[in-house]
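Notes follow the structure.
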There are 2 protein chains.
Amino acid sequence: MRKTYILTPGPTPLPDFVRLALARPILHHRTSEFQEILARAEEGLKYIFQTEQPVFVLAGSGTSAMECAVANLVSPGDEVIVVEGGKFGERWREIAESYGAKVYSLEVEWGRAVRPEEIEKALAEHPSAKAVFITHCETSTGVDTDVEAIARITREKDCLLVVDAISSMGVSPLKMDEWGVDVVVSGSQKGLMLPPGLAFISLSERAWEWVERSTSPRYYLDLRKYRKVIEKPDTPYTPAVSLVVALAEVVDYYRSQGIENLWARYGKLAEATRKAFRDMGLELFSKDPSNGVTAVKSPKGIDSGKLVKTLRQEYRVSVAGGQAKLKGKIFRVAHMGWIDELDLIVGINCVRAVLESMGCSTANPDLAKLYLQA
Amino acid sequence: MRKTYILTPGPTPLPDFVRLALARPILHHRTSEFQEILARAEEGLKYIFQTEQPVFVLAGSGTSAMECAVANLVSPGDEVIVVEGGKFGERWREIAESYGAKVYSLEVEWGRAVRPEEIEKALAEHPSAKAVFITHCETSTGVDTDVEAIARITREKDCLLVVDAISSMGVSPLKMDEWGVDVVVSGSQKGLMLPPGLAFISLSERAWEWVERSTSPRYYLDLRKYRKVIEKPDTPYTPAVSLVVALAEVVDYYRSQGIENLWARYGKLAEATRKAFRDMGLELFSKDPSNGVTAVKSPKGIDSGKLVKTLRQEYRVSVAGGQAKLKGKIFRVAHMGWIDELDLIVGINCVRAVLESMGCSTANPDLAKLYLQA
């Protein structure tokens with residue numbers, strides 16, 4: 001039994017107040033006691049999503065909220081544009097294809113964000129596209145996309161903007177209403193510092209018009225059923241009670257800190273993390289780096305998969321390796337949720353120790369100084 | 001802050017070993033540590049389902065597993081038979097209709113189980129039906145269905161038997177392989193004494209043939225994706241880690257007790273509960289009573305909704321009221337999962353106290369004696 005450090009971009013470590021909330025006796029979900037908690041959680045999510053629209057809480061992984069967006073908005077034959085610059089952009093395409101959409105894939109080199117001009121061009125080429133699906137933080141590459149700039153384009157057109165904010169929510173600035181984003185989906189196990197098992201989705205008013213028109217089959221993910229009971233508040237199917245109880249604590253934490261402060265804080269952590277790896281002499285992978293996760297290129301001759309494995313086995317520090325075509329080539333360190341400066345000092349030092357043990361010598365970054373500035 | 005008693009047919013109370021498991025630090029899901037836990041949970045589920053087939057663990061409510069069965073087996077235009085004798089039978093119909101199935105509804109009076117002869121007749125009338133959807137324990141009416149007898153019919157035909165065992169799993173006898181049941185779905189928050197948020201599904205070999213043929217859109221619930229990675233063991237989407245960790249403890253508990261012993265135990269609790277209410281002078285609602293939940297008719301002039309509310313507010317005892325057309329007419333007391341004799345003594349006495357306070361006098365059942373016999 002040794003201490004462990006979780007520095008992965010989901011699941012992220014659980015604060016004690018979350019763990020204690022999870023351990024409470026169960027509540028029945030159709031009681032006023034639980035309804036008050038659900039209402040508090042949903043109101044808090046509106047604050048975190050920066051929207052006046054209801055935010056629906058699903059029992060499911062983040063992917064269930066992505067599918068929820070597609071199933072409720074897209075009918076077979078509909079044209080949609082999907083931005084693919086990593087594993088989670090690919091997922092949008094796969095889901096849209098599963099539902100019989102005509103998908104135009106805007107392929108972006110892994111490691112950079114799509115440019116607003118590329119979205120404009122894609123929309124000009126596909127004027128019938130009814131929605132653009134993007135990924136706010138592409139966790140697989142450590143890239144943050146400029147959602148605000150893209151929303152400025154889509155909100156002027158008869159075209160929805162659907163944003164996967166699973167790993168960016170509460171970490172990178174996102175102002176759903178102010179920016180004019182139509183659909184935002186997220187999950188519990190990233191910035192929101194909960195275990196996986198809850199997914200969230202919120203829709204703009206104009207997106208609801210599409211929900212009414214979608215002919216795709218859906219039941220568990222049918223948002224019309226969720227909307228019918230949200231005012232009570234209630235959920236059409238049994239909610240994941242314990243996770244919702246813990247969620248209510250997390251949204252209180254977000255309110256107490258102020259979301260703009262948290263965005264700024266994660267921004268500083270990200271900056272300090274990037275500086276540390278650069279000072280070590282390593283190269284960063286992402287050209288448009290994310291507030292939530294830093295992707296670092298593995299030094300020449302070093303298999304990042306082996307680095308990650310050794311780090312976990314020898315030091316009990318979990319970071320993520322590369323996925324798909326980046327397997328073995330990058331490793332990813334998260335700075336979201338309950339991960340703080342001190343966790344990162346541990347993690348970065350241990351990465352260095354493993355690299356040394358693998359015969360790769362690096363410079364010694366001044367982490368104490370760096371984090372005092374962060 | 002007062003003690004509470006949960007005697008509802010889901011969620012059911014959490015044992016301390018579950019609450020402590022939920023409060024553990026989070027694990028990353030792609031580590032050998034978590035994989036061992038997932039393997040233990042899945043092996044244990046095979047024991048509880050009484051099958052050699054893999055049991056898949058979904059992050060979702062029980063309804064997600066029901067939809068999973070439909071989406072993976074049913075293509076638009078397929079003929080299916082649905083047994084409707086309560087709210088959860090209706091749900092099968094609604095989901096099948098959502099997926100464009102041609103649904104033949106075998107309506108059964110609420111409060112009794114479908115007879116095997118009725119299934120035979122329905123199959124004779126609809127020889128092209130490819131599946132029969134039934135509810136093992138119809139939670140809304142407190143009825144257990146004779147799955148074994150029905151499976152004896154379907155297994156001889158080119159017709160699948162799909163069983164909603166959400167509230168019966170681990171409570172009422174169910175031997176998936178031995179009886180020849182094709183598909184069994186369940187959930188975490190009933191007999192398995194966990195919070196809601198996990199759903200389970202297992203398929204017979206012949207059911208897999210239908211999965212390959214289904215043209216219904218699906219992604220999150222696509223069982224082909226789950227099957228591809230179960231041997232690792234892994235899940236295609238992030239699992240609800242904390243709930244799976246607690247599930248591994250529950251399956252160990254089931255193994256330590258022996259499932260036949262637990263079935264027998266819940267059977268005795270159910271019998272004792274029925275006797276207690278009968279001794280009070282009340283009438284039972286179900287003609288084919290369930291091992292997991294007892295439905296009791298509200299005495300003349302008593303609104304069961306008010307009874308349930310008073311019980312919860314004044315005594316902190318939660319039982320369930322009637323749903324849909326049974327609203328106000330019955331109340332339901334669960335004896336599944338972590339609910340034991342002593343909880344039931346409390347609950348039944350408090351029901352009696354509330355009835356007295358509502359001006360309805362009842363006989364005093366000898367609960368101490370009764371439970372010593374149970």
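A note on labels: chains of the structure tokens are A, B, ... as shown, every chain counts residues from 1, and ligands are counted from 1 in their shown order.
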
Query raised in the report: So which residues touch A:His335 within 8 Å, counting only C-alpha atoms, skipping near sequence neighbours fewer than 5 positions away, as a VMD selection string?
Result: chain A and resid 7 9 266 269 to 270 291 to 294 340 344

Which neighbours of A:Met358 fall inside 12 Å, counting only C-alpha atoms, when residues of the same chain fewer than 3 positions from it are skipped, and could you give them as a PDB file with N, CA and C atoms, in the first residue's frame?
```
ATOM      1  N   SER A 298       7.996  12.284 -26.685  1.00  0.00           N
ATOM      2  CA  SER A 298       8.949  11.411 -26.035  1.00  0.00           C
ATOM      3  C   SER A 298      10.326  11.687 -26.645  1.00  0.00           C
ATOM      4  N   PRO A 299      11.394  11.792 -25.821  1.00  0.00           N
ATOM      5  CA  PRO A 299      12.717  12.039 -26.407  1.00  0.00           C
ATOM      6  C   PRO A 299      13.102  10.909 -27.358  1.00  0.00           C
ATOM      7  N   LYS A 300      13.967  11.213 -28.268  1.00  0.00           N
ATOM      8  CA  LYS A 300      14.423  10.246 -29.282  1.00  0.00           C
ATOM      9  C   LYS A 300      14.832   8.923 -28.634  1.00  0.00           C
ATOM     10  N   GLY A 301      14.349   7.856 -29.176  1.00  0.00           N
ATOM     11  CA  GLY A 301      14.744   6.534 -28.672  1.00  0.00           C
ATOM     12  C   GLY A 301      13.972   6.070 -27.449  1.00  0.00           C
ATOM     13  N   ILE A 302      13.082   6.921 -26.953  1.00  0.00           N
ATOM     14  CA  ILE A 302      12.311   6.539 -25.758  1.00  0.00           C
ATOM     15  C   ILE A 302      10.876   6.212 -26.167  1.00  0.00           C
ATOM     16  N   ASP A 303      10.431   5.000 -25.847  1.00  0.00           N
ATOM     17  CA  ASP A 303       9.040   4.614 -26.096  1.00  0.00           C
ATOM     18  C   ASP A 303       8.187   5.170 -24.953  1.00  0.00           C
ATOM     19  N   SER A 304       7.281   6.072 -25.281  1.00  0.00           N
ATOM     20  CA  SER A 304       6.511   6.728 -24.210  1.00  0.00           C
ATOM     21  C   SER A 304       5.632   5.725 -23.460  1.00  0.00           C
ATOM     22  N   LYS A 306       6.540   2.776 -22.584  1.00  0.00           N
ATOM     23  CA  LYS A 306       7.395   2.184 -21.548  1.00  0.00           C
ATOM     24  C   LYS A 306       7.598   3.187 -20.405  1.00  0.00           C
ATOM     25  N   LEU A 307       7.771   4.445 -20.777  1.00  0.00           N
ATOM     26  CA  LEU A 307       7.927   5.509 -19.770  1.00  0.00           C
ATOM     27  C   LEU A 307       6.708   5.537 -18.839  1.00  0.00           C
ATOM     28  N   VAL A 308       5.531   5.523 -19.449  1.00  0.00           N
ATOM     29  CA  VAL A 308       4.283   5.590 -18.670  1.00  0.00           C
ATOM     30  C   VAL A 308       4.158   4.380 -17.744  1.00  0.00           C
ATOM     31  N   THR A 310       6.589   2.381 -16.573  1.00  0.00           N
ATOM     32  CA  THR A 310       7.594   2.408 -15.499  1.00  0.00           C
ATOM     33  C   THR A 310       7.186   3.420 -14.428  1.00  0.00           C
ATOM     34  N   LEU A 311       6.731   4.561 -14.886  1.00  0.00           N
ATOM     35  CA  LEU A 311       6.292   5.619 -13.976  1.00  0.00           C
ATOM     36  C   LEU A 311       5.193   5.103 -13.047  1.00  0.00           C
ATOM     37  N   VAL A 351       8.855  11.839 -13.860  1.00  0.00           N
ATOM     38  CA  VAL A 351       9.081  11.652 -15.298  1.00  0.00           C
ATOM     39  C   VAL A 351      10.578  11.765 -15.567  1.00  0.00           C
ATOM     40  N   ARG A 352      11.173  12.764 -14.957  1.00  0.00           N
ATOM     41  CA  ARG A 352      12.621  12.986 -15.152  1.00  0.00           C
ATOM     42  C   ARG A 352      13.422  11.790 -14.652  1.00  0.00           C
ATOM     43  N   ALA A 353      13.060  11.319 -13.466  1.00  0.00           N
ATOM     44  CA  ALA A 353      13.785  10.173 -12.893  1.00  0.00           C
ATOM     45  C   ALA A 353      13.693   8.958 -13.817  1.00  0.00           C
ATOM     46  N   VAL A 354      12.483   8.716 -14.366  1.00  0.00           N
ATOM     47  CA  VAL A 354      12.325   7.565 -15.259  1.00  0.00           C
ATOM     48  C   VAL A 354      13.159   7.752 -16.522  1.00  0.00           C
ATOM     49  N   LEU A 355      13.132   8.959 -17.073  1.00  0.00           N
ATOM     50  CA  LEU A 355      13.924   9.209 -18.283  1.00  0.00           C
ATOM     51  C   LEU A 355      15.405   8.940 -18.010  1.00  0.00           C
ATOM     52  N   SER A 361      19.270  11.680 -20.520  1.00  0.00           N
ATOM     53  CA  SER A 361      19.535  12.708 -19.509  1.00  0.00           C
ATOM     54  C   SER A 361      18.877  14.030 -19.896  1.00  0.00           C
ATOM     55  N   THR A 362      18.358  14.721 -18.903  1.00  0.00           N
ATOM     56  CA  THR A 362      17.607  15.959 -19.137  1.00  0.00           C
ATOM     57  C   THR A 362      18.102  17.031 -18.168  1.00  0.00           C
TER      58      THR A 362
END
```

Report task. Name the closest residue to B:Ala199 among the candidates A:Met336, A:Ala59, A:Leu27, A:Leu372; distances are taken between atoms, counting only C-alpha atoms. Result ->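 Of A:Met336, A:Ala59, A:Leu27, A:Leu372, the one nearest B:Ala199 is A:Ala59, counting only C-alpha atoms.
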
Query - Every residue of stretch 165-347 of chain B that DSSP places in alpha helix (DSSP H), as an NGL selection string - result: :B and (176-179 or 205-213 or 223-229 or 241-257 or 259-280 or 304-315 or 341-347)

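Take the candidates A:Ile166, A:Ile119, A:Val114, A:Ala272 and check each one against chain B using only C-alpha atoms; the shortest distance goes to A:Ile166.
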
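Surrounding stretch 94-98 of chain A within 10 Å are Thr63, Met66, Glu67, Cys68, Ala69, Val70, Ala71, Val74, Ser75, Pro76, Gly77, Asp78, Glu79, Val80, Ile81, Val82, Phe88, Gly89, Glu90, Lys102, Val103 and Phe133 of chain A; Thr215, Ser216, Pro217, Arg218, Tyr219 and Tyr220 of chain B, with only C-alpha atoms counted and residues fewer than 4 positions along the same chain left out.
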
Would you save the residues of that selection, restricted to N, CA and C atoms, as an mmCIF file, in the first residue's frame?
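The resulting selection.cif:
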```cif
data_model
loop_
_atom_site.group_PDB
_atom_site.id
_atom_site.type_symbol
_atom_site.label_atom_id
_atom_site.label_comp_id
_atom_site.auth_asym_id
_atom_site.auth_seq_id
_atom_site.Cartn_x
_atom_site.Cartn_y
_atom_site.Cartn_z
ATOM 1 N N THR A 63 -19.143 9.647 -23.615
ATOM 2 C CA THR A 63 -19.569 9.240 -24.957
ATOM 3 C C THR A 63 -21.088 9.165 -25.071
ATOM 4 N N MET A 66 -22.228 12.478 -26.044
ATOM 5 C CA MET A 66 -21.928 12.749 -27.460
ATOM 6 C C MET A 66 -22.994 12.093 -28.337
ATOM 7 N N GLU A 67 -23.289 10.819 -28.039
ATOM 8 C CA GLU A 67 -24.309 10.127 -28.824
ATOM 9 C C GLU A 67 -25.667 10.793 -28.620
ATOM 10 N N CYS A 68 -25.913 11.267 -27.424
ATOM 11 C CA CYS A 68 -27.176 11.961 -27.132
ATOM 12 C C CYS A 68 -27.335 13.163 -28.061
ATOM 13 N N ALA A 69 -26.247 13.919 -28.238
ATOM 14 C CA ALA A 69 -26.304 15.081 -29.135
ATOM 15 C C ALA A 69 -26.643 14.629 -30.555
ATOM 16 N N VAL A 70 -25.962 13.595 -31.021
ATOM 17 C CA VAL A 70 -26.175 13.138 -32.399
ATOM 18 C C VAL A 70 -27.591 12.579 -32.560
ATOM 19 N N ALA A 71 -28.006 11.690 -31.647
ATOM 20 C CA ALA A 71 -29.300 11.016 -31.794
ATOM 21 C C ALA A 71 -30.454 12.013 -31.752
ATOM 22 N N VAL A 74 -29.598 14.694 -35.254
ATOM 23 C CA VAL A 74 -29.265 14.262 -36.610
ATOM 24 C C VAL A 74 -30.212 13.161 -37.071
ATOM 25 N N SER A 75 -30.772 13.336 -38.245
ATOM 26 C CA SER A 75 -31.592 12.289 -38.856
ATOM 27 C C SER A 75 -30.797 11.680 -40.008
ATOM 28 N N PRO A 76 -31.142 10.441 -40.367
ATOM 29 C CA PRO A 76 -30.400 9.812 -41.468
ATOM 30 C C PRO A 76 -30.390 10.710 -42.709
ATOM 31 N N GLY A 77 -29.236 10.838 -43.325
ATOM 32 C CA GLY A 77 -29.111 11.644 -44.538
ATOM 33 C C GLY A 77 -28.735 13.089 -44.282
ATOM 34 N N ASP A 78 -28.839 13.540 -43.049
ATOM 35 C CA ASP A 78 -28.447 14.918 -42.732
ATOM 36 C C ASP A 78 -26.961 15.123 -43.010
ATOM 37 N N GLU A 79 -26.642 16.312 -43.512
ATOM 38 C CA GLU A 79 -25.232 16.629 -43.722
ATOM 39 C C GLU A 79 -24.663 17.308 -42.481
ATOM 40 N N VAL A 80 -23.518 16.842 -42.057
ATOM 41 C CA VAL A 80 -22.844 17.469 -40.916
ATOM 42 C C VAL A 80 -21.343 17.568 -41.196
ATOM 43 N N ILE A 81 -20.727 18.535 -40.539
ATOM 44 C CA ILE A 81 -19.270 18.703 -40.643
ATOM 45 C C ILE A 81 -18.657 18.293 -39.308
ATOM 46 N N VAL A 82 -17.629 17.486 -39.395
ATOM 47 C CA VAL A 82 -16.954 17.029 -38.184
ATOM 48 C C VAL A 82 -15.482 17.432 -38.274
ATOM 49 N N PHE A 88 -10.874 12.068 -30.379
ATOM 50 C CA PHE A 88 -12.238 12.397 -30.003
ATOM 51 C C PHE A 88 -12.998 13.104 -31.116
ATOM 52 N N GLY A 89 -12.272 13.734 -32.024
ATOM 53 C CA GLY A 89 -12.899 14.213 -33.251
ATOM 54 C C GLY A 89 -13.356 13.025 -34.092
ATOM 55 N N GLU A 90 -12.508 12.005 -34.163
ATOM 56 C CA GLU A 90 -12.885 10.767 -34.867
ATOM 57 C C GLU A 90 -14.171 10.185 -34.294
ATOM 58 N N LYS A 102 -24.552 12.190 -43.387
ATOM 59 C CA LYS A 102 -23.598 12.383 -44.467
ATOM 60 C C LYS A 102 -22.508 13.259 -43.861
ATOM 61 N N VAL A 103 -21.376 12.661 -43.554
ATOM 62 C CA VAL A 103 -20.366 13.363 -42.766
ATOM 63 C C VAL A 103 -19.258 13.935 -43.649
ATOM 64 N N PHE A 133 -19.502 19.701 -35.660
ATOM 65 C CA PHE A 133 -19.118 19.034 -34.410
ATOM 66 C C PHE A 133 -17.633 19.268 -34.157
ATOM 67 N N THR B 215 -29.698 -3.678 -37.864
ATOM 68 C CA THR B 215 -29.342 -2.465 -38.613
ATOM 69 C C THR B 215 -29.646 -1.203 -37.821
ATOM 70 N N SER B 216 -30.086 -1.346 -36.594
ATOM 71 C CA SER B 216 -30.414 -0.165 -35.792
ATOM 72 C C SER B 216 -29.150 0.616 -35.451
ATOM 73 N N PRO B 217 -29.234 1.952 -35.494
ATOM 74 C CA PRO B 217 -28.061 2.755 -35.148
ATOM 75 C C PRO B 217 -27.734 2.611 -33.665
ATOM 76 N N ARG B 218 -26.473 2.510 -33.372
ATOM 77 C CA ARG B 218 -26.045 2.419 -31.972
ATOM 78 C C ARG B 218 -24.557 2.648 -31.916
ATOM 79 N N TYR B 219 -24.119 3.223 -30.843
ATOM 80 C CA TYR B 219 -22.680 3.462 -30.677
ATOM 81 C C TYR B 219 -22.294 3.169 -29.234
ATOM 82 N N TYR B 220 -22.795 4.010 -28.319
ATOM 83 C CA TYR B 220 -22.484 3.788 -26.900
ATOM 84 C C TYR B 220 -22.958 2.414 -26.457
#
```

Report task. Using only C-alpha atoms, determine which residues of chain B fall within 8 Å of chain A; present them as a ChimeraX atom specification. Result -> /B:6,8,10-14,19-20,22-29,58-64,67,95,98-100,195-197,217-220,237-242,318

The selected residues should be written to file as a compact mmCIF listing (two decimals), in the first residue's frame (atoms: C-alpha atoms).
```txt
# COMPACT_ATOMS: atom_id res chain seq x y z
CA ILE B 6 -34.76 2.52 2.79
CA THR B 8 -37.80 0.77 -1.66
CA GLY B 10 -34.35 0.40 -5.78
CA PRO B 11 -32.26 2.09 -4.79
CA THR B 12 -31.75 -0.28 -1.87
CA PRO B 13 -29.51 0.44 1.14
CA LEU B 14 -25.74 0.26 0.71
CA ARG B 19 -19.82 2.67 0.91
CA LEU B 20 -16.17 2.25 1.83
CA LEU B 22 -17.04 3.96 -3.18
CA ALA B 23 -14.91 6.26 -1.04
CA ARG B 24 -11.58 4.80 -2.17
CA PRO B 25 -9.21 6.96 -4.19
CA ILE B 26 -9.98 6.76 -7.89
CA LEU B 27 -8.14 4.30 -10.11
CA HIS B 28 -7.26 4.85 -13.73
CA HIS B 29 -9.32 2.42 -15.79
CA LEU B 58 -22.40 -0.50 -18.94
CA ALA B 59 -22.28 2.91 -17.31
CA GLY B 60 -25.99 3.74 -17.26
CA SER B 61 -29.35 3.09 -15.60
CA GLY B 62 -31.10 -0.24 -16.01
CA THR B 63 -33.07 1.26 -18.90
CA SER B 64 -29.86 1.66 -20.88
CA GLU B 67 -32.36 -0.28 -24.84
CA ILE B 95 -38.31 1.02 -26.52
CA SER B 98 -38.80 3.61 -30.75
CA TYR B 99 -36.65 1.29 -32.83
CA GLY B 100 -39.35 0.71 -35.40
CA PRO B 195 -25.98 2.87 -6.07
CA PRO B 196 -27.71 3.24 -9.45
CA GLY B 197 -25.38 3.83 -12.38
CA PRO B 217 -28.06 2.76 -35.15
CA ARG B 218 -26.05 2.42 -31.97
CA TYR B 219 -22.68 3.46 -30.68
CA TYR B 220 -22.48 3.79 -26.90
CA TYR B 237 -15.82 3.73 -23.09
CA THR B 238 -14.66 4.91 -19.69
CA PRO B 239 -16.33 2.67 -17.10
CA ALA B 240 -17.95 4.03 -13.93
CA VAL B 241 -14.80 3.12 -11.99
CA SER B 242 -16.00 3.63 -8.39
CA SER B 318 -39.03 4.92 2.63
```

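Near A:Pro173, within a cut-off of 9 Å and counting only C-alpha atoms, sit the residues Ser168, Met169, Ile259, Glu260, Trp263, Ala264 and Asn291 of chain A, with same-chain residues fewer than 4 positions away left out.
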
Requested in this report: Find the spatial neighbours of A:Arg227, counting only C-alpha atoms, within a cut-off of 10 Å - ignore same-chain residues fewer than 5 positions away - and output them as a PyMOL selection string.
Outcome: chain A and resi 54-56+222+233-236

Export of prior selection with C-alpha atoms as an mmCIF file, in the first residue's frame:
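Okay, out31.cif is ready:
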```
data_model
loop_
_atom_site.group_PDB
_atom_site.id
_atom_site.type_symbol
_atom_site.label_atom_id
_atom_site.label_comp_id
_atom_site.auth_asym_id
_atom_site.auth_seq_id
_atom_site.Cartn_x
_atom_site.Cartn_y
_atom_site.Cartn_z
ATOM 1 C CA PRO A 54 -31.073 23.547 -18.478
ATOM 2 C CA VAL A 55 -28.127 21.179 -18.227
ATOM 3 C CA PHE A 56 -29.261 17.554 -18.283
ATOM 4 C CA ASP A 222 -34.211 10.982 -25.683
ATOM 5 C CA PRO A 233 -36.570 18.425 -10.883
ATOM 6 C CA ASP A 234 -36.555 14.800 -11.907
ATOM 7 C CA THR A 235 -34.937 12.461 -14.414
ATOM 8 C CA PRO A 236 -36.872 10.068 -16.671
#
```

Residues near A:Val162, cut-off 7 Å, only C-alpha atoms, skip fewer than 3 positions along chain, as a short mmCIF file (atom, residue, chain, number, x, y, z; two decimals) with N, CA and C atoms, in the first residue's frame:
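Written out: out-v2.cif:
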```
data_model
loop_
_atom_site.label_atom_id
_atom_site.label_comp_id
_atom_site.auth_asym_id
_atom_site.auth_seq_id
_atom_site.Cartn_x
_atom_site.Cartn_y
_atom_site.Cartn_z
N ALA A 131 -24.94 21.02 -38.96
CA ALA A 131 -24.23 21.13 -37.69
C ALA A 131 -22.73 20.93 -37.90
N VAL A 132 -21.97 21.60 -37.06
CA VAL A 132 -20.52 21.41 -37.01
C VAL A 132 -20.20 20.82 -35.65
N PHE A 133 -19.50 19.70 -35.66
CA PHE A 133 -19.12 19.03 -34.41
C PHE A 133 -17.63 19.27 -34.16
N ILE A 134 -17.33 19.88 -33.02
CA ILE A 134 -15.93 20.11 -32.69
C ILE A 134 -15.60 19.59 -31.29
N ASP A 182 -24.34 26.12 -29.49
CA ASP A 182 -25.67 25.50 -29.49
C ASP A 182 -25.77 24.29 -28.57
N VAL A 183 -24.76 23.45 -28.61
CA VAL A 183 -24.82 22.23 -27.79
C VAL A 183 -23.46 22.02 -27.14
N VAL A 184 -23.50 21.77 -25.85
CA VAL A 184 -22.27 21.47 -25.12
C VAL A 184 -22.49 20.16 -24.38
#
```

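Proximity to A:Phe285 was assessed for A:His136, A:Arg332, A:Lys369, A:Arg316 counting only C-alpha atoms; the smallest distance is recorded for A:Arg332.
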
**Report entry** Nearest to A:Leu123, chosen from A:Gln53, A:Thr154, A:Asn349, A:Ser172, with only C-alpha atoms counted in the distances
**Finding:**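 Going through A:Gln53, A:Thr154, A:Asn349, A:Ser172 one by one, the smallest distance to A:Leu123 is for A:Thr154.
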
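DSSP secondary structure from the backbone places Val183, Val184, Val185, Ser186, Gly187, Leu198, Ala199, Phe200, Ile201, Ser202 and Leu203 of chain B of stretch 165-242 of chain B in strand (DSSP E or B).
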
Report task. Work out how far apart atom CA of B:Arg265 and atom CA of B:Arg115 are and give it in Å to one decimal. Result -> 25.5 Å

Query raised in the report: Which polymer residues have any atom within 12 Å of an atom of stretch 44-47 of chain B, counting only C-alpha atoms, with same-chain residues fewer than 6 positions away left out, as an NGL selection string?
Result: :B and (37-38 or 53-57 or 169-170 or 174-177 or 184-188 or 192 or 199-203 or 244 or 247-256 or 258-260)

Mind dumping the selected residues with C-alpha atoms as an mmCIF file, in the first residue's frame?
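Output saved as out.cif:
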```
data_model
loop_
_atom_site.group_PDB
_atom_site.id
_atom_site.type_symbol
_atom_site.label_atom_id
_atom_site.label_comp_id
_atom_site.auth_asym_id
_atom_site.auth_seq_id
_atom_site.Cartn_x
_atom_site.Cartn_y
_atom_site.Cartn_z
ATOM 1 C CA ILE B 37 -11.070 -5.607 -10.324
ATOM 2 C CA LEU B 38 -13.108 -5.493 -13.536
ATOM 3 C CA GLN B 53 -21.404 -16.076 -21.413
ATOM 4 C CA PRO B 54 -19.696 -12.748 -20.739
ATOM 5 C CA VAL B 55 -21.730 -10.229 -18.773
ATOM 6 C CA PHE B 56 -21.125 -6.692 -20.013
ATOM 7 C CA VAL B 57 -20.982 -3.772 -17.605
ATOM 8 C CA MET B 169 -31.156 -10.390 -10.189
ATOM 9 C CA GLY B 170 -29.665 -12.116 -7.173
ATOM 10 C CA LEU B 174 -32.715 -17.223 -12.543
ATOM 11 C CA LYS B 175 -30.472 -19.704 -14.316
ATOM 12 C CA MET B 176 -29.690 -18.151 -17.649
ATOM 13 C CA ASP B 177 -27.766 -21.007 -19.279
ATOM 14 C CA VAL B 184 -30.716 -11.023 -19.502
ATOM 15 C CA VAL B 185 -30.412 -7.386 -18.487
ATOM 16 C CA SER B 186 -30.008 -6.013 -14.999
ATOM 17 C CA GLY B 187 -28.922 -3.019 -12.955
ATOM 18 C CA SER B 188 -26.874 -2.194 -9.890
ATOM 19 C CA LEU B 192 -26.916 -5.991 -6.057
ATOM 20 C CA ALA B 199 -26.336 -1.750 -16.082
ATOM 21 C CA PHE B 200 -25.558 -5.311 -17.117
ATOM 22 C CA ILE B 201 -26.362 -7.453 -20.129
ATOM 23 C CA SER B 202 -25.523 -10.978 -21.202
ATOM 24 C CA LEU B 203 -26.412 -12.784 -24.436
ATOM 25 C CA VAL B 244 -17.227 -1.184 -10.558
ATOM 26 C CA LEU B 247 -19.415 -4.188 -7.584
ATOM 27 C CA ALA B 248 -16.343 -6.402 -7.173
ATOM 28 C CA GLU B 249 -17.027 -6.407 -3.421
ATOM 29 C CA VAL B 250 -20.676 -7.288 -3.942
ATOM 30 C CA VAL B 251 -19.959 -10.236 -6.217
ATOM 31 C CA ASP B 252 -17.519 -11.534 -3.586
ATOM 32 C CA TYR B 253 -20.314 -11.260 -1.041
ATOM 33 C CA TYR B 254 -22.614 -13.227 -3.335
ATOM 34 C CA ARG B 255 -20.013 -15.954 -3.769
ATOM 35 C CA SER B 256 -19.367 -16.128 -0.026
ATOM 36 C CA GLY B 258 -23.914 -18.833 -2.204
ATOM 37 C CA ILE B 259 -26.540 -17.599 -4.631
ATOM 38 C CA GLU B 260 -29.007 -20.437 -3.944
#
```
